[in-house]
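This report refers to the structure that appears directly beneath it.
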Amino acid sequence: MTTTSAVSTLEQVVERYEPVIGLEVHGQLLTASKMFCGCSADYIGSPPNSNTCPVCLGLPGVLPVINRVAVEYTVRTALALNCEIPEHSKFDRKNYFYPDLPKGYQISQWDMPFSRNGHLTFLVDGEEVRCGITRVHLEEDTGTLQHAGDILQQARSSVVDLNRAGVPLMEIVGEPDLRSSEQAREYLVRLRQILVYIGVNDGNLEQGSFRCDANISLRRRGETELGVKVEVKNMNSFRAVQRALDFEIVRQGRLLDQGETIAQETRGWVEAKGATISQRSKEYAHDYRYFPEPDLPPLHLGADFVERVRAGLPELPQQLVERLQREHGLSAYDAAIITAEREDARAFEALVAAGVPAKAAANWLMGEVARLSRESRTPLHRSGLGVDGLAALITLVEQGSINGSTAKDLLDELYLPGGDPAAVVRERGLAQVSDQAELERLVDAVIAENPAAVADFRGGKEQALQRLVGGVMKATRGRADARVVTGLLRERLVP
Amino acid sequence: MSHPTVADLGASLRRGETSPAELAAASRSALESLASLNPVLRYTDELAERQAARAARTLAESPDTAGPLCGVPFAYKDVLCVEGVETTAGSRILQGYVPPYTGTALGRLLDAGAVPVAVTNCDEFAMGSSNENSAFGPVGNPWDPSRVPGGSSGGSAAVVAAGAVPFSLGTDTGGSIRQPASFCGVAGFKPTYGRVSRYGLIAFASSLDQIGPFARSVDDVAQVFTAIAGHDPRDSTSSPTAVEPVEEQLGRGVEGMRLGVPHEYLAEGLEPGVRTAVESALAELEKLGATLEEVSLPSTSAALSTYYIIAPAECSANLARMDGVRFGLHVDRPSLTDTYLATRGQGFGPEVKRRIMLGTYALSSGYYDAYYRKAQKVRTLIAEEFDRAFERVDALVCPTSPIVAFPKGARSDPLSMYLCDVLTLPVNLAGLPGISVPCGLSEGLAVGLQVIGPRFQDARVLRVAHAYEQATGWHAEQPPAPPAASAIPR
């Protein structure tokens, strides 16, 4: 053991220790109503406690009624993750006191969830990783708290908003099959992508409709027994997950190097500090006293139901990647990027259906559109231009009506407000100058006006030609096709 | 003069001899005269006025659509939620709580035109067998005010026994309708679990609770049951099967029926007066043409301990929402934990705390298998024993309670109190329908006969009880007029 181990780097730690990581993901379901009552599941933006009823407020005497669509979405997810769907399942009560939990228990699933034994496979650095899915189950979300102060225990006062209470929440428990923060991140990216593709979750980490907790332990390389695990919470982005796990790997590795034992505890990621801090140790761990929910009879999800949900499963991301390569000749790389977001893939297919060549559609989406989407924080399908406008714009380029640089300017201008690109081109006379005689006249004029550049070019300076091309472009206010102009210049200057 | 029944009042309303408002006012003053017994927690004057007017309109404008309960006054237990009426479950922790919604069973009675006049006293959160666990004082038994009316629906039983209202609603988790019916000499019916919606019933033990009526005749019980029974989409444990029409079953008698007598229910522990009354009731049923058959329910001895694991386990979760955050009592303390402790410490009475602790313990990690899981298995055995018995017999007949009403304060030891329900709570564990009807007096105190049927054979249970009642007339026995307030020991 080296004496410098207390300051081991991540690389040094993972040389000696193997991280063992399992992720628990909570995803709010995109149902119309809450899990056990008729209130809207779309609670964001409502005045506090307005999106509530006696049931989700947990008033004395009320009873829950199961949202069938939420059950279907959970089963759909489970099937997309290759899970088995047991015939018998039930809801249980998970008991604990907290002001955001109106009934004093959460209706969840304990020992008979809707699904078990699935898996998710994905590539990291070209290597296939297979992560087991322990289970996918259904429960209800809690309300939200705001404190005058940092944490509830020290707050001068706290307020409760129960608009979110009772929103259907699906929990996806992964096996501890992940071995690095990169694998963890990629697992989450793929999982989120699947949930969005099958239409059950909006994949929003920032707003918390897609949340992740991690369990992580270290063991010496070659060891088969698991180390003491730490649960990490409060990670609100993929990047945060990766950073928090890397932090934990180093923290735990240094402790182990010093011969210390890892405390089994829950730690919270503090983005500003770039560190995890202890929140709750094992001695204070909850005993949730799970027992079967007596207000809801056990469920029997018959084979008919399961097969109907399976038949209704939309195309999964991996299937789409393969199809885009097969049908449209996209490269594996392009196909992966185009399919990362469901809406991009939809846009791609719509562009192709509108007659845009696949390669052009992919280039525009991955290039200018991706940039604008990022900069304006508005994805194409929510922009004013939309997929139809983009298709019209690219078609103008493909037909030779406008050149590439005009098209980029137009895209910038029309992306958010929207508009008909062809009409704008007409109104402003932006159409490419394609009249041969007109172009020849302009080329001759530029040659006459720039004897020095002509001499340089003839003297062997190839770049001088660009000055002449630039002159013609300037004269046409950018509306000429640079390739055509270059050709005309060469015709005249090269004997 | 005998107290009028639902049928009597309905007839006078239809003949125009009286009005819903008049009946409500008469009920109210009769209830006020019972003040010394403390069966009423509050009057629902505003609602009564509104409902009486609604009933009067129905009787005047479309008498054909007016059902048997239209314009008839009633009282209900303080665990049933009605929009705008304070509901406390007999507990300090819910004092001042006014539900913003009306429960299904109450709502159906309101739709039937019945007129609620008062909310009745009960054991706190329906936990008790004597009504002595109410945060708002005990209730006196109309037959002897120094004695308890039974519980937990003691107030609902007492007001019917005293003739102040023709019927009332109670709830039964381990005998809380049948035992007070027995103690007060009235009919009290616990329907099959899932027959009456629990929506709007402040839960004690969700898998055992059931709402049911008290009345002075089985006919009246049947009318109220018919009004409140049936599937409710708001209660997933309510049965979607159609309710069997009860009326055509009543009056068919018991001739040719096979009635089982569980010998464990007539074992030691029965007071001699109870035994005598029940044995003559059995003889009467035989005389009416029924065949009596001894049956055995050997798991009966395990029912009490099974019940006192399952019911407290469920209540420990059901009562968690009473946390002082959104409604009811809030005892402010600087920290959240201290606020919880102070609110629940001051809000709950000793019996409720005892059951919350029992239930919390039984569900704790490491104890769940030994207690809760085992109790669920025994519960299944108990239900299967009943099922087997019902392969041989049509219904079971037995005492409702091993004892008659006891003096207030006589059973301060919780276990001796729990033993009061030893003959009623197996029925809740198995989800069966059960009724108690008066079957005699023991030293001037009422004795009840219990009739138990298979699940969803509510009509059959009522039929047997009706045949017995019609043949004997014990139901017409009335307690003496209430004494002056000063005479009642509290």
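Residue numbering restarts at 1 in every chain; chains get A, B, ... in the order shown in the structure tokens, and ligands count up from 1 in that same order.
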
(message) Please check the contacts: residues of chain B at most 6 Å away from chain A, using only C-alpha atoms, listed as a ChimeraX atom specification.
(response) /B:199-203,206-207,236,320-321,363-364

(request) Compile the contact shell of Val369 of chain A as a ChimeraX atom specification: residues with an atom at most 10 Å away, counting only C-alpha atoms, same-chain residues fewer than 4 positions apart removed. (result) /A:344,362-365,373-375,379-380,390,408,411-412,415

Grab the residues selected above and save them as a PDB file, in the first residue's frame with C-alpha atoms.
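After the write, again38.pdb holds the following:
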```
ATOM      1  CA  ASP A 344     -35.802  14.585 -34.053  1.00  0.00           C
ATOM      2  CA  ALA A 362     -29.884  14.414 -41.474  1.00  0.00           C
ATOM      3  CA  ASN A 363     -27.302  17.152 -42.063  1.00  0.00           C
ATOM      4  CA  TRP A 364     -29.740  19.968 -41.477  1.00  0.00           C
ATOM      5  CA  LEU A 365     -31.132  18.352 -38.310  1.00  0.00           C
ATOM      6  CA  SER A 373     -32.738  24.310 -30.937  1.00  0.00           C
ATOM      7  CA  ARG A 374     -29.989  24.496 -28.324  1.00  0.00           C
ATOM      8  CA  GLU A 375     -29.505  28.250 -28.490  1.00  0.00           C
ATOM      9  CA  PRO A 379     -36.963  22.145 -30.158  1.00  0.00           C
ATOM     10  CA  LEU A 380     -37.966  22.139 -33.817  1.00  0.00           C
ATOM     11  CA  LEU A 390     -38.004  23.300 -42.588  1.00  0.00           C
ATOM     12  CA  LYS A 408     -29.041  29.375 -43.206  1.00  0.00           C
ATOM     13  CA  LEU A 411     -33.567  29.462 -40.994  1.00  0.00           C
ATOM     14  CA  ASP A 412     -32.127  31.777 -38.332  1.00  0.00           C
ATOM     15  CA  TYR A 415     -37.021  29.462 -36.761  1.00  0.00           C
TER      16      TYR A 415
END
```

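With distances restricted to only C-alpha atoms, A:Gly478 is the closest residue to Ser405 of chain A from A:Leu430, A:Glu175, A:Gly478, A:Ala354.
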
(message) One decimal, in Å: what's the spacing between atom CA of Tyr361 of chain B and atom CA of Gly154 of chain B?
(response) 29.1 Å

(request) Find the residues around Pro113 of chain A up to 9 Å (only C-alpha atoms counted), leave out those fewer than 6 positions away in its own chain, and share them as a list of chain:residue names. (result) A:Ile85, A:Pro86, A:His88, A:Ser89, A:Lys90, A:Phe91, A:Arg135, A:Val136, A:His137, A:Leu138

(message) Taking only segment 244-409 of chain A into account, list the residues labelled strand (DSSP E) by DSSP (computed from the backbone), as a PyMOL selection string.
(response) chain A and resi 265-270+275-281+291-292+299-300

Let's have the selection written as a PDB file, in the first residue's frame, with N, CA and C atoms.
```
ATOM      1  N   GLU A 265     -25.224   4.630   4.359  1.00  0.00           N
ATOM      2  CA  GLU A 265     -25.959   5.874   4.593  1.00  0.00           C
ATOM      3  C   GLU A 265     -26.540   6.413   3.295  1.00  0.00           C
ATOM      4  N   THR A 266     -27.347   7.445   3.438  1.00  0.00           N
ATOM      5  CA  THR A 266     -27.865   8.163   2.289  1.00  0.00           C
ATOM      6  C   THR A 266     -27.126   9.489   2.194  1.00  0.00           C
ATOM      7  N   ARG A 267     -26.610   9.795   1.003  1.00  0.00           N
ATOM      8  CA  ARG A 267     -25.877  11.043   0.815  1.00  0.00           C
ATOM      9  C   ARG A 267     -26.537  11.854  -0.288  1.00  0.00           C
ATOM     10  N   GLY A 268     -26.472  13.164  -0.156  1.00  0.00           N
ATOM     11  CA  GLY A 268     -27.067  14.031  -1.158  1.00  0.00           C
ATOM     12  C   GLY A 268     -25.985  14.722  -1.982  1.00  0.00           C
ATOM     13  N   TRP A 269     -26.199  14.818  -3.295  1.00  0.00           N
ATOM     14  CA  TRP A 269     -25.258  15.507  -4.177  1.00  0.00           C
ATOM     15  C   TRP A 269     -25.534  17.001  -4.086  1.00  0.00           C
ATOM     16  N   VAL A 270     -24.471  17.778  -3.786  1.00  0.00           N
ATOM     17  CA  VAL A 270     -24.604  19.234  -3.737  1.00  0.00           C
ATOM     18  C   VAL A 270     -23.830  19.789  -4.919  1.00  0.00           C
ATOM     19  N   ALA A 275     -19.859  17.894  -4.425  1.00  0.00           N
ATOM     20  CA  ALA A 275     -19.597  16.838  -3.443  1.00  0.00           C
ATOM     21  C   ALA A 275     -20.907  16.245  -2.939  1.00  0.00           C
ATOM     22  N   THR A 276     -20.826  15.039  -2.378  1.00  0.00           N
ATOM     23  CA  THR A 276     -21.994  14.459  -1.715  1.00  0.00           C
ATOM     24  C   THR A 276     -21.839  14.712  -0.218  1.00  0.00           C
ATOM     25  N   ILE A 277     -22.959  14.950   0.463  1.00  0.00           N
ATOM     26  CA  ILE A 277     -22.884  15.103   1.921  1.00  0.00           C
ATOM     27  C   ILE A 277     -23.863  14.131   2.575  1.00  0.00           C
ATOM     28  N   SER A 278     -23.500  13.710   3.778  1.00  0.00           N
ATOM     29  CA  SER A 278     -24.303  12.708   4.477  1.00  0.00           C
ATOM     30  C   SER A 278     -25.663  13.282   4.859  1.00  0.00           C
ATOM     31  N   GLN A 279     -26.729  12.507   4.586  1.00  0.00           N
ATOM     32  CA  GLN A 279     -28.075  12.964   4.933  1.00  0.00           C
ATOM     33  C   GLN A 279     -28.683  12.125   6.046  1.00  0.00           C
ATOM     34  N   ARG A 280     -28.452  10.837   5.987  1.00  0.00           N
ATOM     35  CA  ARG A 280     -29.145   9.966   6.944  1.00  0.00           C
ATOM     36  C   ARG A 280     -28.340   8.688   7.061  1.00  0.00           C
ATOM     37  N   SER A 281     -28.028   8.289   8.277  1.00  0.00           N
ATOM     38  CA  SER A 281     -27.266   7.054   8.424  1.00  0.00           C
ATOM     39  C   SER A 281     -28.214   5.887   8.646  1.00  0.00           C
ATOM     40  N   PHE A 291     -47.390  -3.160   4.098  1.00  0.00           N
ATOM     41  CA  PHE A 291     -48.397  -4.224   4.176  1.00  0.00           C
ATOM     42  C   PHE A 291     -49.406  -4.009   3.052  1.00  0.00           C
ATOM     43  N   PRO A 292     -50.142  -5.061   2.680  1.00  0.00           N
ATOM     44  CA  PRO A 292     -51.031  -4.956   1.507  1.00  0.00           C
ATOM     45  C   PRO A 292     -52.077  -3.856   1.696  1.00  0.00           C
ATOM     46  N   LEU A 299     -54.577  -7.400  -8.027  1.00  0.00           N
ATOM     47  CA  LEU A 299     -54.847  -7.316  -9.465  1.00  0.00           C
ATOM     48  C   LEU A 299     -54.454  -8.601 -10.177  1.00  0.00           C
ATOM     49  N   HIS A 300     -55.200  -8.928 -11.206  1.00  0.00           N
ATOM     50  CA  HIS A 300     -54.850 -10.050 -12.071  1.00  0.00           C
ATOM     51  C   HIS A 300     -54.684  -9.483 -13.475  1.00  0.00           C
TER      52      HIS A 300
END
```

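Near Pro73 of chain B, within a cut-off of 9 Å and counting only C-alpha atoms, sit the residues B:Val6, B:Pro20, B:Ala21, B:Leu23, B:Ala24, B:Ser27, B:Ala48, B:Ala52, B:Leu69, B:Ala114, B:Val115, B:Pro116, B:Val117, B:Val165, B:Pro166, B:Phe167, B:Ser168, with same-chain residues fewer than 4 positions away left out.
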
(request) List every residue of segment 110-260 of chain B that DSSP, applied to the backbone of this structure, assigns to alpha helix (DSSP H), and report them as a PyMOL selection string. (result) chain B and resi 110-111+154-161+178-184+218-228

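When the distance limit is 7 Å and only C-alpha atoms are what count, the residues near segment 219-222 of chain A, minus those fewer than 6 positions from it on the same chain, are Arg16, Tyr17, Glu18 and Pro19 of chain A.
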
With C-alpha atoms kept, could you save the residues just selected as a PDB file, in the first residue's frame?
```pdb
ATOM      1  CA  ARG A  16      -7.646  -1.111  -7.356  1.00  0.00           C
ATOM      2  CA  TYR A  17     -11.393  -1.125  -6.812  1.00  0.00           C
ATOM      3  CA  GLU A  18     -14.374  -2.056  -8.910  1.00  0.00           C
ATOM      4  CA  PRO A  19     -17.356   0.277  -8.511  1.00  0.00           C
TER       5      PRO A  19
END
```

(message) Need the shell around Arg333 of chain B: protein/DNA/RNA residues with any atom at most 10 Å away, counting only C-alpha atoms. Skip same-chain ones fewer than 5 positions apart. Format as a ChimeraX atom specification?
(response) /B:338-343

With C-alpha atoms retained, write the just-selected residues as a PDB file, in the first residue's frame.
```pdb
ATOM      1  CA  ASP B 338     -42.444  17.717  18.110  1.00  0.00           C
ATOM      2  CA  THR B 339     -45.514  19.047  16.306  1.00  0.00           C
ATOM      3  CA  TYR B 340     -46.443  15.490  15.279  1.00  0.00           C
ATOM      4  CA  LEU B 341     -45.832  14.172  18.786  1.00  0.00           C
ATOM      5  CA  ALA B 342     -47.746  16.939  20.535  1.00  0.00           C
ATOM      6  CA  THR B 343     -50.682  16.898  18.113  1.00  0.00           C
TER       7      THR B 343
END
```

(request) Would you mind listing what lies within 10 Å of segment 238-244 of chain B as a list in words, with only C-alpha atoms counted and same-chain residues fewer than 6 positions away left out? (result) Asp295, Leu296 and Pro297 of chain A; Thr192, Tyr193, Gly194, Arg195, Val196, Ser197, Arg198, Tyr199, Thr226, Ala229, Gly230, His231, Asp232, Phe456, Gln457, Asp458, Ala459 and Arg460 of chain B

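Residue nearest Val494 of chain A, chosen from A:Glu462, A:Glu307, A:Asp246, A:Asp481 and counting only C-alpha atoms: A:Glu462.
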
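Proximity ranking of B:Gly16, B:Asn318, B:Phe327, B:Pro191 relative to Val221 of chain B places B:Pro191 first, based on only C-alpha atoms.
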